[in-house]
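Undergrad: What follows is data-v5.txt, made up of compact mmCIF, C-alpha atoms:
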```txt
# COMPACT_ATOMS: atom_id res chain seq x y z
CA GLU K 238 0.00 0.00 0.00
CA VAL K 239 1.29 3.47 -0.92
CA VAL K 240 0.51 6.11 1.72
CA PHE K 241 1.42 9.70 2.54
CA HIS K 242 3.55 10.11 5.69
CA VAL K 243 3.07 13.45 7.48
CA PHE K 244 5.81 14.11 10.04
CA VAL K 245 4.49 16.11 13.02
CA ASN K 246 6.68 17.64 15.72
CA SER K 247 5.53 15.86 18.87
CA LYS K 248 6.68 18.78 21.06
CA ALA K 249 4.90 21.53 19.16
CA ASN K 250 1.44 20.94 20.72
CA ARG K 251 -0.24 21.30 17.35
CA PRO K 252 -3.89 20.33 16.92
CA ASP K 253 -4.73 17.05 15.28
CA ASP K 254 -5.39 18.65 11.89
CA VAL K 255 -3.76 16.03 9.65
CA PRO K 256 -6.32 14.65 7.16
CA THR K 257 -6.98 10.94 6.97
CA ASP K 258 -6.63 10.85 3.18
CA LEU K 259 -5.55 12.98 0.24
CA GLU K 260 -7.35 12.37 -3.04
CA GLY K 261 -8.12 8.81 -1.97
CA VAL K 262 -4.63 7.99 -0.67
CA ARG K 263 -4.39 7.16 3.04
CA VAL K 264 -2.45 9.62 5.22
CA VAL K 265 -0.35 8.34 8.14
CA ARG K 266 0.57 10.80 10.91
CA VAL K 267 4.15 10.18 12.16
CA GLU K 268 5.13 11.96 15.37
CA THR K 269 8.81 12.82 15.64
CA ASP K 270 11.25 15.21 17.28
CA ASP K 271 12.93 18.03 15.38
CA PHE K 272 15.20 17.06 12.48
CA VAL K 273 18.56 18.44 13.61
CA ALA K 274 22.04 18.36 12.07
CA ARG K 275 24.17 16.72 14.78
CA PHE K 276 27.90 16.67 15.44
CA ASP K 277 28.34 14.29 18.40
CA ASN K 278 27.24 11.13 20.29
CA GLY K 279 28.72 8.66 17.77
CA PRO K 280 29.50 5.33 19.44
CA ASN K 281 32.13 4.25 16.91
CA HIS K 282 34.19 5.41 13.95
CA ARG K 283 36.00 8.07 15.97
CA THR K 284 39.42 6.41 16.07
CA GLN K 285 42.45 7.86 14.30
CA LEU K 286 43.22 5.70 11.27
CA ALA K 287 46.20 5.69 8.95
CA ALA K 288 45.92 6.89 5.36
CA PRO K 289 44.31 6.00 3.06
CA VAL K 290 41.33 6.75 5.32
CA PRO K 291 38.04 4.91 4.63
CA ALA K 292 34.63 6.53 4.40
CA GLY K 293 32.38 6.52 7.44
CA VAL K 294 34.88 8.04 9.88
CA SER K 295 35.36 11.30 11.74
CA THR K 296 36.34 14.48 9.91
CA SER K 297 36.11 18.27 10.18
CA ASN K 298 37.86 21.44 9.15
CA ASP K 299 39.78 23.54 11.69
CA ASN K 300 37.24 26.35 12.16
CA GLY K 301 35.99 25.06 15.50
CA CYS K 302 35.36 22.07 17.75
CA PHE K 303 33.02 19.73 15.88
CA ALA K 304 33.03 16.58 13.72
CA GLY K 305 31.08 14.83 10.99
CA THR K 306 31.48 11.97 8.52
CA ARG K 307 33.89 11.46 5.63
CA GLY K 308 31.52 10.37 2.87
CA PHE K 309 31.94 8.27 -0.25
CA LEU K 310 34.76 8.66 -2.79
CA ALA K 311 33.80 10.68 -5.87
CA PHE K 312 35.31 12.46 -8.86
CA LYS K 313 34.65 16.01 -10.01
CA GLY K 314 36.11 17.03 -13.34
CA GLY K 315 38.81 14.37 -13.00
CA GLN K 316 39.67 15.42 -9.44
CA VAL K 317 39.38 12.64 -6.88
CA GLY K 318 37.83 13.50 -3.55
CA TYR K 319 34.89 12.69 -1.32
CA ILE K 320 31.40 13.88 -0.54
CA THR K 321 30.49 15.08 2.93
CA ASN K 322 28.00 17.54 4.42
CA SER K 323 28.20 21.27 3.92
CA HIS K 324 27.65 21.60 7.67
CA VAL K 325 30.90 19.64 8.12
CA ALA K 326 33.43 20.61 5.44
CA ALA K 327 32.04 24.13 4.86
CA ALA K 328 31.24 24.99 8.50
CA GLY K 329 32.53 28.39 9.48
CA GLY K 330 32.03 31.52 11.53
CA SER K 331 31.44 31.71 15.26
CA ALA K 332 28.32 29.51 15.00
CA LEU K 333 29.91 27.03 12.54
CA CYS K 334 27.11 27.58 10.04
CA PRO K 335 27.12 25.52 6.83
CA GLY K 336 28.42 27.23 3.73
CA SER K 337 30.52 29.71 5.72
CA ALA K 338 34.02 28.30 5.17
CA ALA K 339 36.41 29.46 2.48
CA ILE K 340 37.13 27.35 -0.60
CA GLY K 341 40.46 25.66 0.04
CA GLU K 342 39.73 25.14 3.74
CA PRO K 343 41.82 22.18 5.00
CA GLN K 344 39.95 19.04 6.08
CA TYR K 345 41.18 16.62 8.72
CA HIS K 346 40.73 13.11 10.10
CA LEU K 347 39.99 12.94 13.01
CA GLY K 348 37.49 15.75 13.39
CA THR K 349 38.50 18.25 16.03
CA PHE K 350 35.63 17.28 18.38
CA ASP K 351 37.11 13.77 18.60
CA ASN K 352 40.65 15.04 19.17
CA ASN K 353 40.38 17.42 22.13
CA CYS K 354 39.30 20.27 19.83
CA THR K 355 42.62 20.40 17.97
CA THR K 356 44.09 19.11 14.71
CA ALA K 357 47.37 18.13 16.40
CA GLY K 358 48.29 14.56 15.50
CA THR K 359 45.54 14.23 12.88
CA ILE K 360 45.87 13.80 9.10
CA GLN K 361 44.93 16.48 6.59
CA ILE K 362 42.93 14.48 4.04
CA GLY K 363 41.89 17.21 1.62
CA THR K 364 40.69 20.75 0.98
CA LEU K 365 37.20 22.14 0.45
CA ASN K 366 36.57 22.31 -3.29
CA SER K 367 32.87 23.27 -3.46
CA PHE K 368 29.56 23.09 -1.62
CA VAL K 369 25.86 23.47 -2.35
CA LYS K 370 24.47 26.73 -0.96
CA PHE K 371 21.24 26.53 1.02
CA LYS K 372 18.21 28.44 -0.25
CA GLY K 373 15.13 29.82 1.43
CA GLY K 374 11.84 27.99 0.88
CA PRO K 375 11.39 24.38 -0.28
CA LYS K 376 14.25 24.48 -2.78
CA ASN K 377 16.96 22.39 -1.11
CA LYS K 378 17.79 18.84 -2.12
CA VAL K 379 21.13 18.15 -0.41
CA ASP K 380 23.42 19.25 2.41
CA ALA K 381 26.61 18.46 0.53
CA ALA K 382 30.20 19.47 -0.13
CA PHE K 383 33.03 18.09 -2.26
CA VAL K 384 36.50 17.81 -0.73
CA ALA K 385 39.44 17.46 -3.12
CA SER K 386 41.86 14.75 -2.04
CA SER K 387 44.03 11.92 -3.40
CA THR K 388 43.98 8.11 -3.34
CA SER K 389 47.03 8.19 -1.08
CA LEU K 390 44.89 9.95 1.56
CA ILE K 391 41.43 8.37 1.12
CA SER K 392 40.12 5.00 -0.03
CA ALA K 393 36.90 3.89 -1.68
CA THR K 394 36.20 1.45 1.16
CA ILE K 395 33.37 2.28 3.58
CA LEU K 396 34.15 1.22 7.15
CA ASP K 397 32.06 -1.82 8.24
CA ILE K 398 30.49 -2.11 4.76
CA GLY K 399 33.25 -2.53 2.18
CA THR K 400 33.71 -1.10 -1.30
CA PRO K 401 30.40 0.02 -2.85
CA THR K 402 29.30 -0.62 -6.41
CA THR K 403 29.61 2.27 -8.85
CA THR K 404 26.05 1.69 -10.06
CA SER K 405 23.49 4.02 -8.47
CA VAL K 406 19.82 3.16 -7.90
CA ASN K 407 16.74 5.17 -7.00
CA PRO K 408 15.29 4.71 -3.49
CA ALA K 409 12.20 2.52 -3.25
CA LEU K 410 9.84 1.60 -0.44
CA GLY K 411 11.08 -1.45 1.44
CA MET K 412 14.62 -1.22 0.02
CA ILE K 413 17.27 -2.41 2.49
CA VAL K 414 19.90 0.26 3.17
CA ARG K 415 23.11 0.39 5.22
CA LYS K 416 24.97 3.42 6.54
CA SER K 417 28.36 3.98 8.09
CA GLY K 418 28.88 7.27 9.90
CA ARG K 419 30.92 8.99 12.54
CA THR K 420 27.88 9.90 14.64
CA THR K 421 25.92 6.64 14.45
CA GLY K 422 28.52 4.04 13.52
CA PHE K 423 27.12 1.23 11.36
CA THR K 424 23.33 1.09 10.97
CA SER K 425 20.94 -0.72 8.65
CA GLY K 426 17.23 -0.63 7.93
CA SER K 427 14.64 -0.31 5.21
CA ILE K 428 13.11 2.69 3.47
CA SER K 429 9.63 3.49 4.77
CA THR K 430 9.17 6.95 3.23
CA ILE K 431 10.26 8.48 -0.08
CA ASN K 432 9.95 12.00 -1.50
CA ALA K 433 9.69 13.47 1.99
CA THR K 434 9.76 17.22 2.71
CA VAL K 435 11.48 18.02 6.02
CA ARG K 436 12.75 21.05 7.92
CA VAL K 437 16.25 20.70 9.40
CA SER K 438 17.60 22.94 12.15
CA TYR K 439 21.26 23.92 12.04
CA GLY K 440 21.32 25.50 15.48
CA ALA K 441 21.20 28.99 16.91
CA GLY K 442 22.45 31.59 14.46
CA CYS K 443 22.39 29.28 11.44
CA GLY K 444 18.68 28.85 10.79
CA THR K 445 16.31 26.10 9.69
CA TYR K 446 16.03 24.97 6.08
CA THR K 447 13.50 22.93 4.12
CA PHE K 448 14.65 19.92 2.09
CA THR K 449 12.53 18.06 -0.46
CA GLY K 450 12.90 14.66 -2.15
CA GLN K 451 14.26 13.03 1.01
CA PHE K 452 13.91 9.41 2.11
```
Turn the structure described in the file into structure tokens.
TA:
Amino acid sequence: EVVFHVFVNSKANRPDDVPTDLEGVRVVRVETDDFVARFDNGPNHRTQLAAPVPAGVSTSNDNGCFAGTRGFLAFKGGQVGYITNSHVAAAGGSALCPGSAAIGEPQYHLGTFDNNCTTAGTIQIGTLNSFVKFKGGPKNKVDAAFVASSTSLISATILDIGTPTTTSVNPALGMIVRKSGRTTGFTSGSISTINATVRVSYGAGCGTYTFTGQF
């Protein structure tokens, strides 16, 4: 059965105004907390590793004390590198807001939050090459940045998962997925919602942004 999921903030004390169906399709109310970009509480994947560093481990720039995940290996115009979040590689300013770092900003493993808020003893694994700027309204698709690197510094392997296929697929209901990240370690599950529209908070001073096409 295909249904509409409506995510409702359980702390907002909103009235029960979610319809039971939309044009004949059943609507399911899903109560949840705020969607928040997080930097800490990861149980694993926060250990200093030797180069080439796998995906799924701790990284950050040196603009403050925080950490996120080194994402999958990718190429941009022939340049090897990796994908991560804008709120990780491009974090900057006093509030570490996404999209506030300078192009060329050095990126490290471990992230500073996992290394006593310093880059001492860590490995520089790349530099910020580009990031997707956030927009007002429901116009955002990704929180993403590309970090230029080299195969001597990063590998295609994802910690606890292995080397992924180069063939991409579209998300589908019921599809089994696995994730390896600095904050959550290794997790697996199945897709229950596709094409979701969500609002994500980036903390005081950075704002809340709407993302569409999520799953």
Undergrad: Between K:Val264, K:Leu286, K:Val240, K:Ile360, which residue has the minimum interatomic distance to Ser386 in chain K, considering all atoms listed in the file?
TA: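 Looking at the shortest contact to Ser386 in chain K, the residue is K:Ile360.
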Undergrad: If we count all atoms listed in the file, what is near His282 in chain K at a cut-off of 6 Å, once residues fewer than 2 positions away on the same chain are taken out, given as a PyMOL selection string?
TA: chain K and resi 284+294+419+422
Undergrad: What does the structure give for the distance between CA of Ser323 in chain K and CA of Thr434 in chain K, in Å to one decimal?
TA: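 Taking CA of Ser323 in chain K and CA of Thr434 in chain K, their separation equals 18.9 Å.
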Undergrad: Check the smallest atom-to-atom distance from each of K:Phe448, K:Phe423, K:Phe383, K:Phe244 to Phe312 in chain K using only C-alpha atoms, then report the winner.
TA: K:Phe383
Undergrad: For a quick check of understanding, using only C-alpha atoms, which of K:Leu259, K:Asp299, K:Thr269, K:Val290 has the smallest distance to Asn246 in chain K?
TA: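 Ranking K:Leu259, K:Asp299, K:Thr269, K:Val290 by distance to Asn246 in chain K, first place goes to K:Thr269.
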Undergrad: Counting all atoms listed in the file, what is within 12 Å of Leu396 in chain K, bar same-chain residues fewer than 2 positions away, as a compact mmCIF listing (two decimals) with C-alpha atoms, in the coordinates of the input?
TA:
```txt
# COMPACT_ATOMS: atom_id res chain seq x y z
CA ASN K 281 32.13 4.25 16.91
CA HIS K 282 34.19 5.41 13.95
CA ARG K 283 36.00 8.07 15.97
CA THR K 284 39.42 6.41 16.07
CA LEU K 286 43.22 5.70 11.27
CA PRO K 289 44.31 6.00 3.06
CA VAL K 290 41.33 6.75 5.32
CA PRO K 291 38.04 4.91 4.63
CA ALA K 292 34.63 6.53 4.40
CA GLY K 293 32.38 6.52 7.44
CA VAL K 294 34.88 8.04 9.88
CA SER K 295 35.36 11.30 11.74
CA THR K 306 31.48 11.97 8.52
CA ARG K 307 33.89 11.46 5.63
CA GLY K 308 31.52 10.37 2.87
CA PHE K 309 31.94 8.27 -0.25
CA ILE K 391 41.43 8.37 1.12
CA SER K 392 40.12 5.00 -0.03
CA ALA K 393 36.90 3.89 -1.68
CA THR K 394 36.20 1.45 1.16
CA ILE K 398 30.49 -2.11 4.76
CA GLY K 399 33.25 -2.53 2.18
CA THR K 400 33.71 -1.10 -1.30
CA PRO K 401 30.40 0.02 -2.85
CA ARG K 415 23.11 0.39 5.22
CA LYS K 416 24.97 3.42 6.54
CA SER K 417 28.36 3.98 8.09
CA GLY K 418 28.88 7.27 9.90
CA ARG K 419 30.92 8.99 12.54
CA GLY K 422 28.52 4.04 13.52
CA PHE K 423 27.12 1.23 11.36
CA THR K 424 23.33 1.09 10.97
```
Undergrad: Which residue gives the smallest distance to Ala357 in chain K among K:Tyr319, K:Ser389, K:Gly341, K:Gln285, with all atoms listed in the file counted?
TA: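 Once distances to Ala357 in chain K are computed over all atoms listed in the file, the minimum belongs to K:Gln285.
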Undergrad: With distances taken over all atoms listed in the file, which residue among K:Ala433, K:Thr445, K:Ile362, K:Val369 lies nearest Ala288 in chain K?
TA: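 So, comparing all the options, the nearest one is K:Ile362.
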Undergrad: Using all atoms listed in the file, find the one residue out of K:Ile340, K:Val435, K:Ala385, K:Ala287 that sits nearest to Gly314 in chain K.
TA: K:Ala385
Undergrad: What is the distance, in Å and to one decimal place, between CA of His324 in chain K and CA of Thr359 in chain K?
TA: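 Interatomic distance, CA of His324 in chain K to CA of Thr359 in chain K: 20.0 Å.
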